[in-house]
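Here's the structure we're looking at; comments come further down.
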Amino acid sequence: MRDEMTEEALRAAAASIGVPAPIFLPEVGSTNAELRALAADSPSGTWVVAGHQTAGRGRRGRSWLALSEGALALSILLRPSLPLARLPLVVLAAGVATAEACGPAFRLKWPNDLLDLEGRKIAGILAEAELLPGGGLDWVIIGIGINVGIAPTGPFRAGCLADVLGEAPDRASLAADLVGRVIAEVERGSRDPAAVLEAWRRVDGTLGRRVRVEGVDGVAVGLGPDGSLEIEDDAGRTHRILAGDVEMVRAG
Ligand code: BTN
């Protein structure tokens, strides 16, 4: 089903759970790019949501395809007070919030790709940060794209919430709920990093699996305190991966 995501519906959904009202843009290139342009003068919690996003940006310079009325594309500006070294935990926290907003039928592929149980990608997250002149964190923008009612087709395995849940959730309610969860989870993570790691493990779909990432082949065995992925290769050596695209490898 396709729902109309109006500014009015978004404002009502946000107000009902105490989330700041969004900046709604009926059509936009990239919500991350829009919010980036507003970041210097905007408070933490400012969020931009697109009716339709035409030039979504993905991780590692890729593009993010979102179909009109079948997708949710939004970006949230946060100013967490934490050392730069803890930025990866913000990325994990955003993944936890996304997984929890979408429900128990989904799992995270490290660091924060949301997959269904068949391994189809449902949501992706692009975090972009700006540093203060002294080197601390000024802001981070968390851009989240969710395939809600339609799975994009292409040379990748994508799914959508509707296929798994039986119907597409209302996008305005999902958006407000998601933003509330991201704000709360990042806030929790800045106070208690271990709590984010623990929450991430509850929605994890990577640990214990055979993976390949950044030239390392092995079994994903844990998360480091900094949010890195620990992989044990066949020679028993442990590798710590700070960033990369994990490929799930079938054993055998
Ligand atoms: C990825 O998996 O590569 C990350 C995709 C992130 C896409 C979202 S959609 C909303 C926000 N605006 C963008 O331009 N990108 C992010």
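Following the order of the structure tokens, chains are lettered A, B, ..., residues in each are numbered from 1, and ligands are numbered from 1.
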
Could the residues of chain A that have an atom at most 8 Å from ligand 1 be listed as a Markdown table, each with its closest atom pair and the distance in Å to one decimal, counting only C-alpha atoms and all ligand atoms and ordered by chain and ascending residue number?
| residue | atom | partner | partner_atom_place_in_ligand_line | distance |
| --- | --- | --- | --- | --- |
| A:Gly29 | CA | ligand 1 | 14 (O) | 7.2 |
| A:Ser30 | CA | ligand 1 | 14 (O) | 3.9 |
| A:Thr31 | CA | ligand 1 | 12 (N) | 4.3 |
| A:Asn32 | CA | ligand 1 | 12 (N) | 4.3 |
| A:Ala33 | CA | ligand 1 | 14 (O) | 6.5 |
| A:Val49 | CA | ligand 1 | 10 (C) | 7.9 |
| A:Gln53 | CA | ligand 1 | 9 (S) | 7.6 |
| A:Ala55 | CA | ligand 1 | 14 (O) | 6.5 |
| A:Gly56 | CA | ligand 1 | 14 (O) | 3.5 |
| A:Arg57 | CA | ligand 1 | 14 (O) | 3.6 |
| A:Gly58 | CA | ligand 1 | 3 (O) | 3.3 |
| A:Arg59 | CA | ligand 1 | 3 (O) | 3.8 |
| A:Arg60 | CA | ligand 1 | 3 (O) | 7.0 |
| A:Arg62 | CA | ligand 1 | 3 (O) | 6.3 |
| A:Ser63 | CA | ligand 1 | 3 (O) | 7.1 |
| A:Trp64 | CA | ligand 1 | 7 (C) | 5.4 |
| A:Ala66 | CA | ligand 1 | 9 (S) | 7.5 |
| A:Leu72 | CA | ligand 1 | 9 (S) | 7.2 |
| A:Ala73 | CA | ligand 1 | 10 (C) | 3.9 |
| A:Leu74 | CA | ligand 1 | 10 (C) | 4.5 |
| A:Ser75 | CA | ligand 1 | 11 (C) | 5.4 |
| A:Asp113 | CA | ligand 1 | 2 (O) | 6.1 |
| A:Ala123 | CA | ligand 1 | 2 (O) | 6.7 |
| A:Gly124 | CA | ligand 1 | 2 (O) | 3.5 |
| A:Ile125 | CA | ligand 1 | 4 (C) | 4.1 |
| A:Leu126 | CA | ligand 1 | 6 (C) | 4.5 |
| A:Ile142 | CA | ligand 1 | 11 (C) | 7.4 |
| A:Gly143 | CA | ligand 1 | 11 (C) | 3.7 |
| A:Ile144 | CA | ligand 1 | 8 (C) | 4.2 |
| A:Gly145 | CA | ligand 1 | 9 (S) | 3.6 |
| A:Ile146 | CA | ligand 1 | 9 (S) | 7.2 |

Next, dump the selected residues to file, keeping only N, CA and C atoms, as a short mmCIF file (atom, residue, chain, number, x, y, z; two decimals), in the first residue's frame.
data_model
loop_
_atom_site.label_atom_id
_atom_site.label_comp_id
_atom_site.auth_asym_id
_atom_site.auth_seq_id
_atom_site.Cartn_x
_atom_site.Cartn_y
_atom_site.Cartn_z
N GLY A 29 16.95 16.56 -3.64
CA GLY A 29 18.02 15.69 -4.13
C GLY A 29 18.42 14.70 -3.05
N SER A 30 18.99 15.24 -1.96
CA SER A 30 19.45 14.39 -0.86
C SER A 30 19.13 15.09 0.46
N THR A 31 18.46 14.38 1.36
CA THR A 31 18.16 14.99 2.67
C THR A 31 19.44 15.27 3.45
N ASN A 32 20.45 14.42 3.27
CA ASN A 32 21.72 14.69 3.96
C ASN A 32 22.33 16.01 3.47
N ALA A 33 22.31 16.20 2.15
CA ALA A 33 22.90 17.43 1.59
C ALA A 33 22.12 18.65 2.06
N VAL A 49 12.89 15.55 6.18
CA VAL A 49 12.32 14.33 5.60
C VAL A 49 11.81 14.67 4.20
N GLN A 53 12.92 11.64 -2.75
CA GLN A 53 14.36 11.96 -2.83
C GLN A 53 14.89 11.49 -4.18
N ALA A 55 18.21 12.15 -5.52
CA ALA A 55 19.65 11.89 -5.66
C ALA A 55 20.23 11.46 -4.32
N GLY A 56 19.63 10.40 -3.74
CA GLY A 56 20.08 9.94 -2.44
C GLY A 56 21.52 9.46 -2.48
N ARG A 57 22.23 9.77 -1.40
CA ARG A 57 23.64 9.37 -1.33
C ARG A 57 23.78 8.18 -0.41
N GLY A 58 24.60 7.22 -0.83
CA GLY A 58 24.86 6.04 -0.02
C GLY A 58 26.26 6.08 0.54
N ARG A 59 26.64 5.04 1.25
CA ARG A 59 27.99 4.95 1.80
C ARG A 59 28.98 4.76 0.66
N ARG A 60 30.21 5.18 0.92
CA ARG A 60 31.33 4.95 0.01
C ARG A 60 31.07 5.50 -1.39
N ARG A 62 28.44 5.71 -3.09
CA ARG A 62 27.40 5.09 -3.92
C ARG A 62 26.15 5.96 -3.90
N SER A 63 25.21 5.64 -4.79
CA SER A 63 23.95 6.36 -4.72
C SER A 63 22.91 5.47 -4.04
N TRP A 64 21.85 6.09 -3.57
CA TRP A 64 20.79 5.35 -2.86
C TRP A 64 19.50 5.57 -3.62
N ALA A 66 15.65 5.46 -4.14
CA ALA A 66 14.43 5.40 -3.34
C ALA A 66 13.25 5.71 -4.24
N LEU A 72 11.16 5.81 2.66
CA LEU A 72 11.34 6.86 3.66
C LEU A 72 12.78 7.32 3.56
N ALA A 73 12.97 8.62 3.43
CA ALA A 73 14.33 9.18 3.38
C ALA A 73 14.35 10.37 4.31
N LEU A 74 15.18 10.28 5.34
CA LEU A 74 15.25 11.39 6.29
C LEU A 74 16.66 11.51 6.85
N SER A 75 16.95 12.69 7.40
CA SER A 75 18.25 12.94 8.00
C SER A 75 18.06 13.73 9.30
N ASP A 113 23.63 -1.85 8.30
CA ASP A 113 22.69 -2.17 7.21
C ASP A 113 21.58 -3.02 7.79
N ALA A 123 17.15 -1.26 4.78
CA ALA A 123 17.47 0.14 5.13
C ALA A 123 18.97 0.34 5.17
N GLY A 124 19.38 1.56 4.87
CA GLY A 124 20.79 1.91 4.93
C GLY A 124 20.96 3.24 5.66
N ILE A 125 22.14 3.43 6.21
CA ILE A 125 22.41 4.63 7.01
C ILE A 125 23.71 5.27 6.54
N LEU A 126 23.65 6.57 6.33
CA LEU A 126 24.85 7.32 5.96
C LEU A 126 25.08 8.39 7.02
N ILE A 142 22.77 11.99 10.57
CA ILE A 142 22.47 10.58 10.34
C ILE A 142 21.36 10.50 9.30
N GLY A 143 21.71 10.03 8.13
CA GLY A 143 20.73 9.90 7.05
C GLY A 143 20.26 8.46 6.96
N ILE A 144 18.97 8.27 6.97
CA ILE A 144 18.42 6.90 6.96
C ILE A 144 17.45 6.75 5.80
N GLY A 145 17.66 5.71 5.03
CA GLY A 145 16.74 5.39 3.94
C GLY A 145 16.13 4.03 4.22
N ILE A 146 14.81 3.94 4.17
CA ILE A 146 14.12 2.66 4.40
C ILE A 146 13.21 2.36 3.21
#

(message) Please return, as JSON, numbers by chain, all residues of segment 55-136 of chain A that DSSP assigns to alpha helix (DSSP H) on the basis of the backbone.
(response) {"A": [87, 88, 89, 90, 91, 92, 93, 94, 95, 96, 97, 98, 99, 100, 101, 102]}

Could you write out the selected residues, including C-alpha atoms, as a short mmCIF file (atom, residue, chain, number, x, y, z; two decimals), in the first residue's frame?
data_model
loop_
_atom_site.label_atom_id
_atom_site.label_comp_id
_atom_site.auth_asym_id
_atom_site.auth_seq_id
_atom_site.Cartn_x
_atom_site.Cartn_y
_atom_site.Cartn_z
CA LEU A 87 31.74 8.43 16.57
CA PRO A 88 31.48 4.78 15.40
CA LEU A 89 29.22 4.15 18.40
CA VAL A 90 26.84 6.84 17.10
CA VAL A 91 26.70 4.93 13.83
CA LEU A 92 25.89 1.71 15.69
CA ALA A 93 23.31 3.49 17.84
CA ALA A 94 21.52 4.74 14.71
CA GLY A 95 21.43 1.17 13.41
CA VAL A 96 19.95 -0.10 16.66
CA ALA A 97 17.27 2.61 16.55
CA THR A 98 16.42 1.71 12.94
CA ALA A 99 16.21 -2.00 13.71
CA GLU A 100 13.99 -1.38 16.73
CA ALA A 101 11.71 0.98 14.77
CA CYS A 102 11.25 -1.60 12.00
#

(message) When you look at segment 149-164 of chain A with a cut-off of 12 Å (counting only C-alpha atoms), what residues show up, excluding the ones that are within fewer than 6 positions of it in the same chain? I need them as a PyMOL selection string.
(response) chain A and resi 1-4+64-72+99+101-106+113-124+170-171+174

(message) If I take atom CA of Gly189 of chain A and atom CA of Gly227 of chain A, how far is one from the other in Å, to one decimal?
(response)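 Atom CA of Gly189 of chain A sits 11.3 Å away from atom CA of Gly227 of chain A.
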
(request) Provide the atom CA of Glu214 of chain A to atom CA of Leu108 of chain A distance in Å, to one decimal place. (result) 18.4 Å

(request) Can you pull out every residue within 10 Å of Gly18 of chain A, counting only C-alpha atoms, but drop anything in the same chain fewer than 5 positions away, and send it as a PyMOL selection string? (result) chain A and resi 12-13+176-177+180

(message) To one decimal place in Å, what is the distance between atom CA of Thr46 of chain A and atom CA of Ala21 of chain A?
(response)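 Spanning atom CA of Thr46 of chain A to atom CA of Ala21 of chain A is a straight-line distance of 8.0 Å.
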
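Minimum atom-to-atom distances from A:Leu131, A:Val140, A:Leu197, A:Asn112 to Ala243 of chain A were compared using only C-alpha atoms, and the lowest value belongs to A:Asn112.
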
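Closest approach to Asp217 of chain A among A:Ala235, A:Ile23, A:Met5, A:Ala175 is made by A:Ala235 (distances from only C-alpha atoms).
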
Which of segment 212-249 of chain A counts as strand (DSSP E) under DSSP, as an mmCIF file with all heavy atoms, in the first residue's frame please?
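Ended up saving to result-v6.cif:
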data_model
loop_
_atom_site.group_PDB
_atom_site.id
_atom_site.type_symbol
_atom_site.label_atom_id
_atom_site.label_comp_id
_atom_site.auth_asym_id
_atom_site.auth_seq_id
_atom_site.Cartn_x
_atom_site.Cartn_y
_atom_site.Cartn_z
ATOM 1 N N ARG A 212 33.563 -11.628 4.869
ATOM 2 C CA ARG A 212 34.745 -11.115 4.184
ATOM 3 C C ARG A 212 34.613 -9.594 4.220
ATOM 4 O O ARG A 212 33.565 -9.057 3.861
ATOM 5 C CB ARG A 212 34.752 -11.604 2.737
ATOM 6 C CG ARG A 212 35.989 -11.243 1.953
ATOM 7 C CD ARG A 212 35.938 -11.903 0.581
ATOM 8 N NE ARG A 212 35.900 -13.350 0.649
ATOM 9 C CZ ARG A 212 35.073 -14.115 -0.075
ATOM 10 N NH1 ARG A 212 34.222 -13.580 -0.921
ATOM 11 N NH2 ARG A 212 35.110 -15.437 0.024
ATOM 12 N N VAL A 213 35.651 -8.903 4.693
ATOM 13 C CA VAL A 213 35.600 -7.440 4.732
ATOM 14 C C VAL A 213 37.015 -6.878 4.722
ATOM 15 O O VAL A 213 37.887 -7.383 5.424
ATOM 16 C CB VAL A 213 34.791 -6.936 5.971
ATOM 17 C CG1 VAL A 213 35.288 -7.514 7.260
ATOM 18 C CG2 VAL A 213 34.755 -5.424 6.051
ATOM 19 N N VAL A 216 39.859 -9.217 4.655
ATOM 20 C CA VAL A 216 39.982 -10.201 5.727
ATOM 21 C C VAL A 216 38.837 -11.203 5.596
ATOM 22 O O VAL A 216 37.682 -10.837 5.442
ATOM 23 C CB VAL A 216 39.904 -9.518 7.115
ATOM 24 C CG1 VAL A 216 39.960 -10.557 8.226
ATOM 25 C CG2 VAL A 216 41.010 -8.489 7.269
ATOM 26 N N ASP A 217 39.188 -12.486 5.658
ATOM 27 C CA ASP A 217 38.211 -13.573 5.601
ATOM 28 C C ASP A 217 38.190 -14.256 6.951
ATOM 29 O O ASP A 217 39.244 -14.549 7.491
ATOM 30 C CB ASP A 217 38.722 -14.639 4.601
ATOM 31 C CG ASP A 217 37.992 -14.565 3.305
ATOM 32 O OD1 ASP A 217 36.808 -14.898 3.312
ATOM 33 O OD2 ASP A 217 38.636 -14.188 2.293
ATOM 34 N N GLY A 218 37.031 -14.537 7.483
ATOM 35 C CA GLY A 218 36.999 -15.249 8.752
ATOM 36 C C GLY A 218 35.624 -15.221 9.361
ATOM 37 O O GLY A 218 34.628 -14.964 8.679
ATOM 38 N N VAL A 219 35.587 -15.475 10.652
ATOM 39 C CA VAL A 219 34.306 -15.489 11.363
ATOM 40 C C VAL A 219 34.225 -14.230 12.227
ATOM 41 O O VAL A 219 35.175 -13.884 12.919
ATOM 42 C CB VAL A 219 34.197 -16.761 12.243
ATOM 43 C CG1 VAL A 219 32.922 -16.738 13.071
ATOM 44 C CG2 VAL A 219 34.236 -18.001 11.361
ATOM 45 N N ALA A 220 33.073 -13.555 12.126
ATOM 46 C CA ALA A 220 32.855 -12.362 12.960
ATOM 47 C C ALA A 220 32.637 -12.834 14.386
ATOM 48 O O ALA A 220 31.670 -13.540 14.664
ATOM 49 C CB ALA A 220 31.646 -11.591 12.450
ATOM 50 N N VAL A 221 33.555 -12.466 15.278
ATOM 51 C CA VAL A 221 33.480 -13.038 16.630
ATOM 52 C C VAL A 221 33.073 -12.032 17.702
ATOM 53 O O VAL A 221 32.704 -12.429 18.806
ATOM 54 C CB VAL A 221 34.828 -13.698 17.048
ATOM 55 C CG1 VAL A 221 35.051 -14.986 16.284
ATOM 56 C CG2 VAL A 221 35.992 -12.736 16.866
ATOM 57 N N GLY A 222 33.138 -10.751 17.398
ATOM 58 C CA GLY A 222 32.756 -9.820 18.462
ATOM 59 C C GLY A 222 32.824 -8.378 18.022
ATOM 60 O O GLY A 222 33.173 -8.060 16.876
ATOM 61 N N LEU A 223 32.450 -7.514 18.960
ATOM 62 C CA LEU A 223 32.548 -6.069 18.745
ATOM 63 C C LEU A 223 33.580 -5.537 19.713
ATOM 64 O O LEU A 223 33.561 -5.898 20.900
ATOM 65 C CB LEU A 223 31.222 -5.386 19.101
ATOM 66 C CG LEU A 223 30.038 -5.515 18.173
ATOM 67 C CD1 LEU A 223 28.864 -4.741 18.750
ATOM 68 C CD2 LEU A 223 30.373 -5.012 16.782
ATOM 69 N N LEU A 229 34.542 -4.225 14.344
ATOM 70 C CA LEU A 229 34.146 -5.633 14.199
ATOM 71 C C LEU A 229 35.384 -6.503 14.338
ATOM 72 O O LEU A 229 36.403 -6.260 13.677
ATOM 73 C CB LEU A 229 33.508 -5.839 12.814
ATOM 74 C CG LEU A 229 32.997 -7.245 12.519
ATOM 75 C CD1 LEU A 229 31.827 -7.615 13.435
ATOM 76 C CD2 LEU A 229 32.555 -7.360 11.054
ATOM 77 N N GLU A 230 35.295 -7.508 15.190
ATOM 78 C CA GLU A 230 36.432 -8.410 15.397
ATOM 79 C C GLU A 230 36.199 -9.675 14.585
ATOM 80 O O GLU A 230 35.153 -10.317 14.703
ATOM 81 C CB GLU A 230 36.571 -8.753 16.882
ATOM 82 C CG GLU A 230 36.945 -7.526 17.702
ATOM 83 C CD GLU A 230 36.888 -7.748 19.203
ATOM 84 O OE1 GLU A 230 36.276 -8.743 19.638
ATOM 85 O OE2 GLU A 230 37.447 -6.915 19.918
ATOM 86 N N ILE A 231 37.199 -9.984 13.752
ATOM 87 C CA ILE A 231 37.091 -11.164 12.890
ATOM 88 C C ILE A 231 38.253 -12.101 13.194
ATOM 89 O O ILE A 231 39.418 -11.667 13.260
ATOM 90 C CB ILE A 231 37.149 -10.746 11.403
ATOM 91 C CG1 ILE A 231 35.988 -9.806 11.107
ATOM 92 C CG2 ILE A 231 37.092 -11.971 10.487
ATOM 93 C CD1 ILE A 231 35.963 -9.322 9.695
ATOM 94 N N GLU A 232 37.927 -13.370 13.355
ATOM 95 C CA GLU A 232 38.995 -14.352 13.562
ATOM 96 C C GLU A 232 39.202 -15.102 12.261
ATOM 97 O O GLU A 232 38.254 -15.708 11.727
ATOM 98 C CB GLU A 232 38.595 -15.315 14.681
ATOM 99 C CG GLU A 232 39.768 -16.192 15.101
ATOM 100 C CD GLU A 232 39.389 -17.055 16.292
ATOM 101 O OE1 GLU A 232 39.044 -16.505 17.352
ATOM 102 O OE2 GLU A 232 39.413 -18.286 16.111
ATOM 103 N N THR A 238 43.114 -12.532 15.224
ATOM 104 C CA THR A 238 41.965 -11.627 15.324
ATOM 105 C C THR A 238 42.284 -10.303 14.633
ATOM 106 O O THR A 238 43.352 -9.721 14.835
ATOM 107 C CB THR A 238 41.606 -11.381 16.802
ATOM 108 O OG1 THR A 238 41.326 -12.649 17.390
ATOM 109 C CG2 THR A 238 40.377 -10.498 16.932
ATOM 110 N N HIS A 239 41.360 -9.875 13.781
ATOM 111 C CA HIS A 239 41.506 -8.610 13.063
ATOM 112 C C HIS A 239 40.412 -7.667 13.548
ATOM 113 O O HIS A 239 39.268 -8.086 13.728
ATOM 114 C CB HIS A 239 41.334 -8.807 11.558
ATOM 115 C CG HIS A 239 42.273 -9.806 10.979
ATOM 116 N ND1 HIS A 239 43.376 -9.448 10.231
ATOM 117 C CD2 HIS A 239 42.290 -11.168 11.050
ATOM 118 C CE1 HIS A 239 44.021 -10.546 9.858
ATOM 119 N NE2 HIS A 239 43.382 -11.600 10.337
ATOM 120 N N ARG A 240 40.760 -6.401 13.694
ATOM 121 C CA ARG A 240 39.750 -5.409 14.082
ATOM 122 C C ARG A 240 39.461 -4.517 12.900
ATOM 123 O O ARG A 240 40.354 -3.846 12.383
ATOM 124 C CB ARG A 240 40.271 -4.537 15.209
ATOM 125 C CG ARG A 240 40.185 -5.240 16.509
ATOM 126 C CD ARG A 240 40.293 -4.289 17.649
ATOM 127 N NE ARG A 240 39.768 -4.990 18.815
ATOM 128 C CZ ARG A 240 39.628 -4.463 19.993
ATOM 129 N NH1 ARG A 240 39.931 -3.204 20.168
ATOM 130 N NH2 ARG A 240 39.166 -5.157 20.990
ATOM 131 N N ILE A 241 38.213 -4.483 12.476
ATOM 132 C CA ILE A 241 37.828 -3.687 11.313
ATOM 133 C C ILE A 241 37.058 -2.470 11.797
ATOM 134 O O ILE A 241 36.058 -2.600 12.506
ATOM 135 C CB ILE A 241 36.942 -4.526 10.350
ATOM 136 C CG1 ILE A 241 37.605 -5.866 10.019
ATOM 137 C CG2 ILE A 241 36.614 -3.733 9.102
ATOM 138 C CD1 ILE A 241 38.879 -5.789 9.218
ATOM 139 N N GLU A 247 30.744 -8.623 3.590
ATOM 140 C CA GLU A 247 30.093 -9.580 2.694
ATOM 141 C C GLU A 247 29.876 -10.855 3.506
ATOM 142 O O GLU A 247 30.807 -11.370 4.118
ATOM 143 C CB GLU A 247 31.037 -9.840 1.517
ATOM 144 C CG GLU A 247 30.452 -10.633 0.405
ATOM 145 C CD GLU A 247 31.561 -10.969 -0.610
ATOM 146 O OE1 GLU A 247 32.561 -10.218 -0.692
ATOM 147 O OE2 GLU A 247 31.429 -12.001 -1.263
ATOM 148 N N MET A 248 28.650 -11.325 3.530
ATOM 149 C CA MET A 248 28.383 -12.576 4.250
ATOM 150 C C MET A 248 28.786 -13.723 3.330
ATOM 151 O O MET A 248 28.375 -13.778 2.174
ATOM 152 C CB MET A 248 26.900 -12.715 4.552
ATOM 153 C CG MET A 248 26.335 -11.588 5.373
ATOM 154 S SD MET A 248 26.895 -11.688 7.082
ATOM 155 C CE MET A 248 25.618 -10.712 7.872
#

(message) Please determine, counting only C-alpha atoms, which residue among A:Arg36, A:Arg191, A:His52, A:Lys109 has the shortest atom-to-atom distance to Pro83 of chain A.
(response)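 Among the listed residues, A:Arg191 lies closest to Pro83 of chain A.
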
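Contact shell of Leu25 of chain A at 7 Å (only C-alpha atoms; same-chain neighbours under 3 positions omitted): Val28, Val49, Ala50 and Gly51 of chain A.
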
If you keep C-alpha atoms, can you produce a file of those selected residues as an mmCIF file, in the first residue's frame?
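Saved the output as again14.cif:
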data_model
loop_
_atom_site.group_PDB
_atom_site.id
_atom_site.type_symbol
_atom_site.label_atom_id
_atom_site.label_comp_id
_atom_site.auth_asym_id
_atom_site.auth_seq_id
_atom_site.Cartn_x
_atom_site.Cartn_y
_atom_site.Cartn_z
ATOM 1 C CA VAL A 28 14.721 16.972 -2.750
ATOM 2 C CA VAL A 49 12.320 14.331 5.599
ATOM 3 C CA ALA A 50 11.682 13.980 1.884
ATOM 4 C CA GLY A 51 8.406 13.304 0.146
#

(message) For Ser42 of chain A, find every residue with an atom within 10 Å (counting only C-alpha atoms), except residues of its own chain fewer than 6 positions away, and show them as a list in words.
(response)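 Returned residues: Leu35, Arg36, Leu77, Leu78, Arg79 and Trp139 of chain A.
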
Would you output that residue set with C-alpha atoms, as a compact mmCIF listing (two decimals), in the first residue's frame?
# COMPACT_ATOMS: atom_id res chain seq x y z
CA LEU A 35 20.56 19.26 6.25
CA ARG A 36 24.29 19.76 5.84
CA LEU A 77 21.27 16.51 12.94
CA LEU A 78 22.75 15.69 16.33
CA ARG A 79 25.34 17.40 18.47
CA TRP A 139 27.74 17.72 14.59
